[in-house]
Amino acid sequence: MKQDMIVILDLGSEQNAQIAREVRALGVYSEIHPHDITAQALSALPNVKGIILNGGPNRVVDGVEIDASRAVYDSGLPLMAVDHKGEPDWPADDDARRAMLSGFVFDLCKAQPNWNMENFIADQVELIRRQIGEKKVLLALSGGVDSSVVAALLIRAVGKQLTCVHVNHGLLRQGEPEQVVQVFRHQMDANLIYVDAVDRFLDKLAGVADPERKRKIIGAEFIRVFEEEARKLEGIDFLAQGTIYPDIIESGTKTAKAVKAHHNVGGLPEDLKFELVEPLKMLFKDEVRACGKALGLPDAMVYRQPFPGPGLGVRCLGAITRDRLEAVRASDAILREEFHNAGLEGKVWQYFTVVPDFKSVGVRDNKRTFDWPVILRAVNTVDAMTATVEDVPFALLQKITARITAEVPGVNRVLYDLTPKPTGTIEWE
Ligand SMILES: Nc1ncnc2c1ncn2[C@@H]1O[C@H](COP(=O)(O)OP(=O)(O)OP(=O)(O)O)[C@@H](O)[C@H]1O
């Protein structure tokens with residue numbers, strides 16, 4: 001790593017990630033480390049130019065106020081401490097914060113603003129080549145942002161030493177499996193194994209109505225399919241994963257409250273343990289997207305809206321049937337197309353359709369129908385903890401309704417979910 005770095009020490013603040021992002025926004029790389037970092041760990045970090053002691057409400061642990069280790073004060077590096085009696089001492093105003101950070105980072109620490117995607121990619125390519133050498137690496141490629149960007153980075157670094165496995169479990173959105181094949185096999189010339197596991201997943205899920213059981217079955221079956229593919233391959237030493245910085249921050253530093261185990265391909269059996277390659281583990285989501293764009297991935301992949309791990313399976317409510325699953329997929333495609341045409345893509349955080357497992361009476365061509373409703377959902381959120389409902393123009397809702405009832409077989413009604421979170425969650429299952 002050639003870039004200068006500012007270290008943020010977590011002294012119980014809830015704003016570590018935000019400060020790290022704000023420093024990076026100034027063009028200077030930053031990392032968050034625990035408050036009791038050792039002299040050895042600190043000196044192992046490359047090009048550290050200064051340290052921010054970021055205190056906050058969690059600074060008192062078991063009745064004792066925590067402090068940075070001696071090593072930090074002895075390091076001789078410029079320090080900035082930002083809390084006062086356990087209260088964070090940051091200016092609330094964005095410009096004032098930026099001015100304060102910029103004064104510290106540039107005037108005091110003399111850091112160079114050389115954090116950018118070109119340098120990041122060049123560094124990672126070098127590190128990946130050093131780690132992998134002539135050996136082989138495997139990646140489960142969902143087509144989602146994180147694993148796609150990892151794939152693109154590894155293709156740049158080690159080309160055909162990478163094998164990607166894409167599992168089509170039948171729960172992906174319209175066009176997604178095709179896009180994975182098109183982009184990675186045809187455009188990027190990658191080794192891609194495409195596994196058609198649609199029947200396998202849907203057979204396993206038949207008759208299962210409980211959402212938790214559905215999720216478990218999908219997760220377990222995914223591990224099984226991936227494991228089978230991995231066993232067919234010879235001489236693989238490494239497994240690449242799309243771990244990103246929030247996964248690591250959320251799994252907890254010493255004072256962080258929230259602990260969320262990230263759920264990448266961790267469930268593989270003991271004899272299939274690989275050494276991990278995680279080139280994005282220091283990037284925030286927007287940086288992952290910028291990296292993907294710089295590596296030439298299409299916008300549709302890089303700016304894709306969040307999608308649940310179990311895919312459309314949790315939007316086909318209750319026990320999944322193939323025809324109702326197709327109704328979810330087709331209506332979702334129409335909703336996305338109409339939001340795109342209306343310029344709402346990228347403006348609304350997440351939008352999708354849900355098909356419940358009940359029917360209602362309707363009428364079509366003077367005949368009685370008994371068909372499913374489609375529920376539309378469009379929400380905005382900053383942190384996914386709370387969400388508000390998008391104020392979609394009524395004319396657009398009418399247009400989407402007309403298209404779905406005309407084009408999607410088995411559907412005779414369209415509803416718009418007006419519920420914010422709380423009380424509704426973003427997804428229905
Ligand atoms: N259908 C699939 N085919 C291959 N790999 C998959 C598939 N679904 C999930 N994975 C693997 O499991 C990881 C975690 O999946 P999850 O659905 O939780 O997405 P994520 O953490 O948002 O990552 P991504 O953005 O890559 O989808 C993915 O990064 C990918 O490596």
# chains A, B, ... in the order shown; residues from 1 in each chain; ligands from 1
call {"tool": "residues_near_ligand", "arguments": {"ligand": "ligand 1", "cutoff": "8 Å", "atoms": "only C-alpha atoms and all ligand atoms", "output": "PyMOL selection string"}}
result
chain A and resi 139-149+165-169+172+222+226+240-243+262-265+306-311
call {"tool": "write_last_selection", "arguments": {"atoms": "N, CA and C atoms", "output": "short mmCIF file (atom, residue, chain, number, x, y, z; two decimals), in the first residue's frame"}}
result
data_model
loop_
_atom_site.label_atom_id
_atom_site.label_comp_id
_atom_site.auth_asym_id
_atom_site.auth_seq_id
_atom_site.Cartn_x
_atom_site.Cartn_y
_atom_site.Cartn_z
N LEU A 139 -14.35 -18.74 -6.59
CA LEU A 139 -15.25 -17.68 -6.12
C LEU A 139 -16.70 -18.06 -6.40
N ALA A 140 -17.56 -17.95 -5.40
CA ALA A 140 -19.00 -18.09 -5.62
C ALA A 140 -19.50 -16.73 -6.11
N LEU A 141 -19.96 -16.70 -7.34
CA LEU A 141 -20.31 -15.44 -7.99
C LEU A 141 -21.83 -15.33 -8.13
N SER A 142 -22.44 -14.47 -7.32
CA SER A 142 -23.90 -14.36 -7.34
C SER A 142 -24.38 -13.43 -8.46
N GLY A 143 -23.50 -12.54 -8.90
CA GLY A 143 -23.94 -11.50 -9.82
C GLY A 143 -24.32 -10.23 -9.07
N GLY A 144 -24.29 -10.32 -7.71
CA GLY A 144 -24.50 -9.14 -6.88
C GLY A 144 -23.25 -8.25 -6.93
N VAL A 145 -23.35 -7.08 -6.33
CA VAL A 145 -22.27 -6.10 -6.45
C VAL A 145 -20.94 -6.66 -5.91
N ASP A 146 -20.98 -7.19 -4.69
CA ASP A 146 -19.72 -7.53 -4.03
C ASP A 146 -18.96 -8.66 -4.74
N SER A 147 -19.65 -9.77 -5.00
CA SER A 147 -18.91 -10.87 -5.62
C SER A 147 -18.53 -10.54 -7.06
N SER A 148 -19.33 -9.70 -7.75
CA SER A 148 -18.98 -9.33 -9.12
C SER A 148 -17.71 -8.48 -9.15
N VAL A 149 -17.60 -7.57 -8.18
CA VAL A 149 -16.41 -6.71 -8.16
C VAL A 149 -15.17 -7.54 -7.77
N VAL A 165 -18.06 -19.78 -9.78
CA VAL A 165 -19.21 -20.68 -9.82
C VAL A 165 -20.47 -19.86 -9.60
N HIS A 166 -21.35 -19.85 -10.59
CA HIS A 166 -22.63 -19.15 -10.44
C HIS A 166 -23.75 -20.18 -10.34
N VAL A 167 -24.51 -20.10 -9.27
CA VAL A 167 -25.59 -21.06 -9.04
C VAL A 167 -26.92 -20.41 -9.39
N ASN A 168 -27.58 -20.93 -10.42
CA ASN A 168 -28.93 -20.43 -10.70
C ASN A 168 -29.90 -21.29 -9.90
N HIS A 169 -30.40 -20.70 -8.79
CA HIS A 169 -31.31 -21.47 -7.92
C HIS A 169 -32.77 -21.16 -8.25
N LEU A 172 -33.49 -15.90 -8.79
CA LEU A 172 -32.86 -14.65 -9.22
C LEU A 172 -33.85 -13.82 -10.04
N PHE A 222 -27.59 -24.13 -1.07
CA PHE A 222 -26.55 -23.38 -1.78
C PHE A 222 -25.16 -23.91 -1.40
N PHE A 226 -22.54 -25.67 -4.02
CA PHE A 226 -21.22 -25.07 -4.19
C PHE A 226 -20.12 -26.08 -3.81
N ALA A 240 -12.07 -16.89 -2.76
CA ALA A 240 -12.25 -15.44 -2.71
C ALA A 240 -13.65 -15.13 -2.18
N GLN A 241 -13.76 -14.05 -1.42
CA GLN A 241 -15.06 -13.65 -0.87
C GLN A 241 -15.26 -12.16 -0.97
N GLY A 242 -16.53 -11.79 -1.13
CA GLY A 242 -16.87 -10.38 -1.25
C GLY A 242 -17.12 -9.71 0.09
N THR A 243 -16.27 -9.99 1.07
CA THR A 243 -16.39 -9.31 2.36
C THR A 243 -16.07 -7.83 2.16
N HIS A 262 -21.14 -11.97 9.38
CA HIS A 262 -21.47 -11.89 7.96
C HIS A 262 -21.51 -13.28 7.38
N HIS A 263 -22.31 -13.38 6.35
CA HIS A 263 -22.80 -14.70 5.97
C HIS A 263 -22.28 -15.14 4.61
N ASN A 264 -21.00 -14.91 4.37
CA ASN A 264 -20.48 -15.40 3.10
C ASN A 264 -20.33 -16.92 3.17
N VAL A 265 -19.62 -17.49 2.20
CA VAL A 265 -19.65 -18.94 2.09
C VAL A 265 -18.87 -19.58 3.23
N PRO A 306 -30.20 -3.32 -3.51
CA PRO A 306 -29.99 -4.46 -2.62
C PRO A 306 -31.00 -5.57 -2.90
N PHE A 307 -30.57 -6.80 -2.76
CA PHE A 307 -31.40 -7.96 -3.08
C PHE A 307 -31.18 -9.00 -1.99
N PRO A 308 -32.25 -9.55 -1.42
CA PRO A 308 -32.03 -10.48 -0.29
C PRO A 308 -31.30 -11.74 -0.74
N GLY A 309 -30.51 -12.31 0.16
CA GLY A 309 -29.79 -13.55 -0.15
C GLY A 309 -30.69 -14.64 -0.72
N PRO A 310 -31.82 -14.94 -0.07
CA PRO A 310 -32.71 -15.97 -0.61
C PRO A 310 -33.52 -15.52 -1.83
N GLY A 311 -33.20 -14.34 -2.34
CA GLY A 311 -33.75 -13.89 -3.61
C GLY A 311 -35.26 -13.74 -3.62
#
call {"tool": "select_by_dssp", "arguments": {"residues": "stretch 164-380 of chain A", "states": "strand (DSSP E)", "output": "PDB file with N, CA and C atoms, in the first residue's frame"}}
result
ATOM      1  N   CYS A 164     -14.966 -19.113 -11.348  1.00  0.00           N
ATOM      2  CA  CYS A 164     -16.183 -18.594 -10.726  1.00  0.00           C
ATOM      3  C   CYS A 164     -17.278 -19.635 -10.837  1.00  0.00           C
ATOM      4  N   VAL A 165     -18.059 -19.780  -9.776  1.00  0.00           N
ATOM      5  CA  VAL A 165     -19.212 -20.679  -9.817  1.00  0.00           C
ATOM      6  C   VAL A 165     -20.475 -19.860  -9.599  1.00  0.00           C
ATOM      7  N   HIS A 166     -21.354 -19.854 -10.591  1.00  0.00           N
ATOM      8  CA  HIS A 166     -22.631 -19.153 -10.439  1.00  0.00           C
ATOM      9  C   HIS A 166     -23.750 -20.184 -10.338  1.00  0.00           C
ATOM     10  N   VAL A 167     -24.506 -20.101  -9.267  1.00  0.00           N
ATOM     11  CA  VAL A 167     -25.587 -21.060  -9.043  1.00  0.00           C
ATOM     12  C   VAL A 167     -26.922 -20.407  -9.392  1.00  0.00           C
ATOM     13  N   ASN A 168     -27.582 -20.925 -10.421  1.00  0.00           N
ATOM     14  CA  ASN A 168     -28.925 -20.435 -10.702  1.00  0.00           C
ATOM     15  C   ASN A 168     -29.901 -21.285  -9.902  1.00  0.00           C
ATOM     16  N   ASN A 191     -13.107 -18.013 -16.455  1.00  0.00           N
ATOM     17  CA  ASN A 191     -13.541 -19.385 -16.225  1.00  0.00           C
ATOM     18  C   ASN A 191     -14.808 -19.308 -15.412  1.00  0.00           C
ATOM     19  N   LEU A 192     -15.945 -19.640 -16.016  1.00  0.00           N
ATOM     20  CA  LEU A 192     -17.198 -19.547 -15.271  1.00  0.00           C
ATOM     21  C   LEU A 192     -17.937 -20.866 -15.345  1.00  0.00           C
ATOM     22  N   ILE A 193     -18.255 -21.415 -14.185  1.00  0.00           N
ATOM     23  CA  ILE A 193     -19.090 -22.615 -14.147  1.00  0.00           C
ATOM     24  C   ILE A 193     -20.501 -22.162 -13.815  1.00  0.00           C
ATOM     25  N   TYR A 194     -21.420 -22.438 -14.740  1.00  0.00           N
ATOM     26  CA  TYR A 194     -22.816 -22.051 -14.542  1.00  0.00           C
ATOM     27  C   TYR A 194     -23.580 -23.301 -14.127  1.00  0.00           C
ATOM     28  N   VAL A 195     -24.180 -23.262 -12.957  1.00  0.00           N
ATOM     29  CA  VAL A 195     -24.882 -24.446 -12.462  1.00  0.00           C
ATOM     30  C   VAL A 195     -26.389 -24.196 -12.502  1.00  0.00           C
ATOM     31  N   ASP A 196     -27.086 -24.978 -13.302  1.00  0.00           N
ATOM     32  CA  ASP A 196     -28.546 -24.865 -13.332  1.00  0.00           C
ATOM     33  C   ASP A 196     -29.110 -25.764 -12.225  1.00  0.00           C
ATOM     34  N   ILE A 236      -7.324 -26.481  -5.941  1.00  0.00           N
ATOM     35  CA  ILE A 236      -7.678 -25.106  -5.585  1.00  0.00           C
ATOM     36  C   ILE A 236      -7.224 -24.839  -4.150  1.00  0.00           C
ATOM     37  N   ASP A 237      -6.499 -23.760  -3.969  1.00  0.00           N
ATOM     38  CA  ASP A 237      -5.989 -23.455  -2.628  1.00  0.00           C
ATOM     39  C   ASP A 237      -6.692 -22.278  -1.976  1.00  0.00           C
ATOM     40  N   PHE A 238      -7.321 -21.431  -2.800  1.00  0.00           N
ATOM     41  CA  PHE A 238      -7.854 -20.182  -2.262  1.00  0.00           C
ATOM     42  C   PHE A 238      -9.343 -20.029  -2.549  1.00  0.00           C
ATOM     43  N   LEU A 239     -10.022 -19.379  -1.626  1.00  0.00           N
ATOM     44  CA  LEU A 239     -11.426 -19.033  -1.829  1.00  0.00           C
ATOM     45  C   LEU A 239     -11.553 -17.516  -1.707  1.00  0.00           C
ATOM     46  N   ALA A 240     -12.069 -16.890  -2.758  1.00  0.00           N
ATOM     47  CA  ALA A 240     -12.252 -15.435  -2.709  1.00  0.00           C
ATOM     48  C   ALA A 240     -13.648 -15.131  -2.181  1.00  0.00           C
ATOM     49  N   GLU A 275      -7.661 -21.059   1.937  1.00  0.00           N
ATOM     50  CA  GLU A 275      -7.166 -19.774   2.431  1.00  0.00           C
ATOM     51  C   GLU A 275      -8.008 -18.675   1.774  1.00  0.00           C
ATOM     52  N   LEU A 276      -8.398 -17.679   2.559  1.00  0.00           N
ATOM     53  CA  LEU A 276      -9.305 -16.662   2.025  1.00  0.00           C
ATOM     54  C   LEU A 276      -8.587 -15.530   1.296  1.00  0.00           C
ATOM     55  N   VAL A 277      -9.240 -15.057   0.240  1.00  0.00           N
ATOM     56  CA  VAL A 277      -8.783 -13.867  -0.475  1.00  0.00           C
ATOM     57  C   VAL A 277      -9.932 -12.871  -0.388  1.00  0.00           C
ATOM     58  N   GLN A 350     -35.039   1.000  -2.758  1.00  0.00           N
ATOM     59  CA  GLN A 350     -35.359  -0.389  -3.085  1.00  0.00           C
ATOM     60  C   GLN A 350     -36.814  -0.505  -3.503  1.00  0.00           C
ATOM     61  N   TYR A 351     -37.071  -1.238  -4.564  1.00  0.00           N
ATOM     62  CA  TYR A 351     -38.451  -1.433  -5.002  1.00  0.00           C
ATOM     63  C   TYR A 351     -38.573  -2.817  -5.604  1.00  0.00           C
ATOM     64  N   PHE A 352     -39.696  -3.453  -5.307  1.00  0.00           N
ATOM     65  CA  PHE A 352     -39.870  -4.843  -5.738  1.00  0.00           C
ATOM     66  C   PHE A 352     -41.332  -5.221  -5.630  1.00  0.00           C
ATOM     67  N   THR A 353     -41.640  -6.419  -6.050  1.00  0.00           N
ATOM     68  CA  THR A 353     -43.018  -6.890  -5.943  1.00  0.00           C
ATOM     69  C   THR A 353     -43.072  -8.158  -5.093  1.00  0.00           C
ATOM     70  N   VAL A 354     -44.241  -8.385  -4.553  1.00  0.00           N
ATOM     71  CA  VAL A 354     -44.487  -9.537  -3.684  1.00  0.00           C
ATOM     72  C   VAL A 354     -45.773 -10.187  -4.178  1.00  0.00           C
ATOM     73  N   SER A 360     -58.079 -13.663  -5.239  1.00  0.00           N
ATOM     74  CA  SER A 360     -59.320 -12.907  -5.078  1.00  0.00           C
ATOM     75  C   SER A 360     -60.100 -12.951  -6.387  1.00  0.00           C
ATOM     76  N   VAL A 361     -61.368 -12.599  -6.285  1.00  0.00           N
ATOM     77  CA  VAL A 361     -62.243 -12.640  -7.463  1.00  0.00           C
ATOM     78  C   VAL A 361     -62.011 -11.394  -8.310  1.00  0.00           C
ATOM     79  N   GLY A 362     -62.023 -11.566  -9.624  1.00  0.00           N
ATOM     80  CA  GLY A 362     -61.888 -10.439 -10.533  1.00  0.00           C
ATOM     81  C   GLY A 362     -62.712 -10.697 -11.775  1.00  0.00           C
ATOM     82  N   VAL A 363     -62.545  -9.819 -12.753  1.00  0.00           N
ATOM     83  CA  VAL A 363     -63.278 -10.010 -14.003  1.00  0.00           C
ATOM     84  C   VAL A 363     -62.390  -9.591 -15.163  1.00  0.00           C
ATOM     85  N   ARG A 364     -62.397 -10.404 -16.229  1.00  0.00           N
ATOM     86  CA  ARG A 364     -61.589 -10.107 -17.419  1.00  0.00           C
ATOM     87  C   ARG A 364     -62.352 -10.629 -18.632  1.00  0.00           C
ATOM     88  N   LYS A 367     -65.532 -12.300 -18.083  1.00  0.00           N
ATOM     89  CA  LYS A 367     -65.553 -13.590 -17.374  1.00  0.00           C
ATOM     90  C   LYS A 367     -64.983 -13.426 -15.982  1.00  0.00           C
ATOM     91  N   ARG A 368     -65.476 -14.206 -15.060  1.00  0.00           N
ATOM     92  CA  ARG A 368     -64.990 -14.162 -13.687  1.00  0.00           C
ATOM     93  C   ARG A 368     -63.581 -14.755 -13.645  1.00  0.00           C
ATOM     94  N   THR A 369     -62.708 -14.120 -12.876  1.00  0.00           N
ATOM     95  CA  THR A 369     -61.368 -14.709 -12.671  1.00  0.00           C
ATOM     96  C   THR A 369     -61.175 -14.952 -11.183  1.00  0.00           C
ATOM     97  N   PHE A 370     -60.245 -15.809 -10.851  1.00  0.00           N
ATOM     98  CA  PHE A 370     -59.873 -16.048  -9.462  1.00  0.00           C
ATOM     99  C   PHE A 370     -58.345 -16.149  -9.461  1.00  0.00           C
ATOM    100  N   ASP A 371     -57.694 -15.014  -9.193  1.00  0.00           N
ATOM    101  CA  ASP A 371     -56.245 -14.911  -9.416  1.00  0.00           C
ATOM    102  C   ASP A 371     -55.546 -14.235  -8.241  1.00  0.00           C
ATOM    103  N   TRP A 372     -54.209 -14.152  -8.326  1.00  0.00           N
ATOM    104  CA  TRP A 372     -53.399 -13.553  -7.249  1.00  0.00           C
ATOM    105  C   TRP A 372     -53.326 -12.032  -7.377  1.00  0.00           C
ATOM    106  N   PRO A 373     -53.116 -11.377  -6.273  1.00  0.00           N
ATOM    107  CA  PRO A 373     -52.726  -9.964  -6.342  1.00  0.00           C
ATOM    108  C   PRO A 373     -51.195  -9.845  -6.397  1.00  0.00           C
ATOM    109  N   VAL A 374     -50.716  -8.729  -6.931  1.00  0.00           N
ATOM    110  CA  VAL A 374     -49.298  -8.379  -6.836  1.00  0.00           C
ATOM    111  C   VAL A 374     -49.203  -7.162  -5.927  1.00  0.00           C
ATOM    112  N   ILE A 375     -48.318  -7.206  -4.942  1.00  0.00           N
ATOM    113  CA  ILE A 375     -48.103  -6.069  -4.044  1.00  0.00           C
ATOM    114  C   ILE A 375     -46.826  -5.345  -4.460  1.00  0.00           C
ATOM    115  N   LEU A 376     -46.937  -4.032  -4.665  1.00  0.00           N
ATOM    116  CA  LEU A 376     -45.747  -3.240  -4.999  1.00  0.00           C
ATOM    117  C   LEU A 376     -45.179  -2.649  -3.713  1.00  0.00           C
ATOM    118  N   ARG A 377     -43.855  -2.601  -3.628  1.00  0.00           N
ATOM    119  CA  ARG A 377     -43.217  -1.973  -2.464  1.00  0.00           C
ATOM    120  C   ARG A 377     -42.077  -1.110  -2.979  1.00  0.00           C
ATOM    121  N   ALA A 378     -42.004   0.135  -2.494  1.00  0.00           N
ATOM    122  CA  ALA A 378     -40.910   1.045  -2.891  1.00  0.00           C
ATOM    123  C   ALA A 378     -40.561   1.872  -1.667  1.00  0.00           C
ATOM    124  N   VAL A 379     -39.343   1.693  -1.158  1.00  0.00           N
ATOM    125  CA  VAL A 379     -38.981   2.345   0.106  1.00  0.00           C
ATOM    126  C   VAL A 379     -37.631   3.041   0.019  1.00  0.00           C
ATOM    127  N   ASN A 380     -37.466   3.996   0.917  1.00  0.00           N
ATOM    128  CA  ASN A 380     -36.190   4.695   1.064  1.00  0.00           C
ATOM    129  C   ASN A 380     -35.692   4.518   2.486  1.00  0.00           C
TER     130      ASN A 380
END
call {"tool": "residues_around", "arguments": {"residues": "A:Pro409", "least_positions_apart": "6", "cutoff": "10 Å", "atoms": "only C-alpha atoms", "output": "PyMOL selection string"}}
result
chain A and resi 323-324+326-327+330-331+371-372
call {"tool": "write_last_selection", "arguments": {"atoms": "N, CA and C atoms", "output": "tab-separated table (two decimals), in the first residue's frame"}}
result
chain	number	residue	atom	x	y	z
A	323	ASP	N	-45.49	-21.29	-10.72
A	323	ASP	CA	-46.27	-20.27	-11.45
A	323	ASP	C	-46.31	-18.95	-10.68
A	324	ARG	N	-46.43	-19.04	-9.36
A	324	ARG	CA	-46.45	-17.81	-8.57
A	324	ARG	C	-45.06	-17.15	-8.55
A	326	GLU	N	-42.99	-17.24	-11.01
A	326	GLU	CA	-42.88	-16.53	-12.29
A	326	GLU	C	-43.64	-15.21	-12.25
A	327	ALA	N	-44.76	-15.19	-11.52
A	327	ALA	CA	-45.52	-13.94	-11.39
A	327	ALA	C	-44.71	-12.89	-10.63
A	330	ALA	N	-41.86	-11.76	-13.18
A	330	ALA	CA	-42.35	-10.94	-14.30
A	330	ALA	C	-42.83	-9.57	-13.82
A	331	SER	N	-43.52	-9.54	-12.68
A	331	SER	CA	-44.01	-8.25	-12.19
A	331	SER	C	-42.86	-7.37	-11.70
A	371	ASP	N	-57.69	-15.01	-9.19
A	371	ASP	CA	-56.25	-14.91	-9.42
A	371	ASP	C	-55.55	-14.23	-8.24
A	372	TRP	N	-54.21	-14.15	-8.33
A	372	TRP	CA	-53.40	-13.55	-7.25
A	372	TRP	C	-53.33	-12.03	-7.38
call {"tool": "select_by_dssp", "arguments": {"residues": "stretch 96-315 of chain A", "states": "helix (DSSP H, G or I)", "output": "NGL selection string"}}
result
:A and (96-108 or 117-132 or 145-161 or 176-187 or 198-205 or 211-232 or 245-250 or 270-272 or 285-294 or 299-302 or 311-314)
call {"tool": "atom_distance", "arguments": {"atom1": "atom CA of A:Ser43", "atom2": "atom CA of A:Ser69"}}
result
13.3 Å
call {"tool": "residues_around", "arguments": {"residues": "A:Cys291", "least_positions_apart": "2", "cutoff": "8 Å", "atoms": "only C-alpha atoms", "output": "compact mmCIF listing (two decimals) with N, CA and C atoms, in the first residue's frame"}}
result
# COMPACT_ATOMS: atom_id res chain seq x y z
N MET A 117 -9.31 5.13 -6.73
CA MET A 117 -9.56 3.76 -7.20
C MET A 117 -8.42 3.21 -8.04
N ILE A 121 -6.75 -0.23 -7.02
CA ILE A 121 -6.75 -1.41 -7.90
C ILE A 121 -5.32 -1.87 -8.17
N VAL A 149 -17.60 -7.57 -8.18
CA VAL A 149 -16.41 -6.71 -8.16
C VAL A 149 -15.17 -7.54 -7.77
N GLU A 287 -17.49 2.70 -2.38
CA GLU A 287 -16.16 2.50 -2.96
C GLU A 287 -16.11 1.19 -3.75
N VAL A 288 -16.84 0.17 -3.26
CA VAL A 288 -16.91 -1.09 -4.00
C VAL A 288 -17.52 -0.83 -5.38
N ARG A 289 -18.57 0.00 -5.39
CA ARG A 289 -19.21 0.33 -6.68
C ARG A 289 -18.23 1.08 -7.58
N LYS A 293 -16.88 -0.07 -11.27
CA LYS A 293 -17.01 0.78 -12.45
C LYS A 293 -15.64 0.97 -13.11
N ALA A 294 -14.63 1.21 -12.26
CA ALA A 294 -13.27 1.41 -12.80
C ALA A 294 -12.75 0.14 -13.47
N LEU A 295 -13.28 -1.02 -13.07
CA LEU A 295 -12.85 -2.29 -13.67
C LEU A 295 -13.69 -2.66 -14.89
call {"tool": "closest_residue", "arguments": {"among": "A:Leu415, A:Asp365, A:Lys232, A:Arg213", "to": "A:Glu429", "atoms": "only C-alpha atoms"}}
result
A:Arg213
call {"tool": "closest_residue", "arguments": {"among": "A:Ala387, A:Ala157, A:Val382, A:Val105", "to": "A:Arg129", "atoms": "only C-alpha atoms"}}
result
A:Ala157
call {"tool": "atom_distance", "arguments": {"atom1": "atom CA of A:Thr381", "atom2": "atom CA of A:Asp10"}}
result
25.8 Å
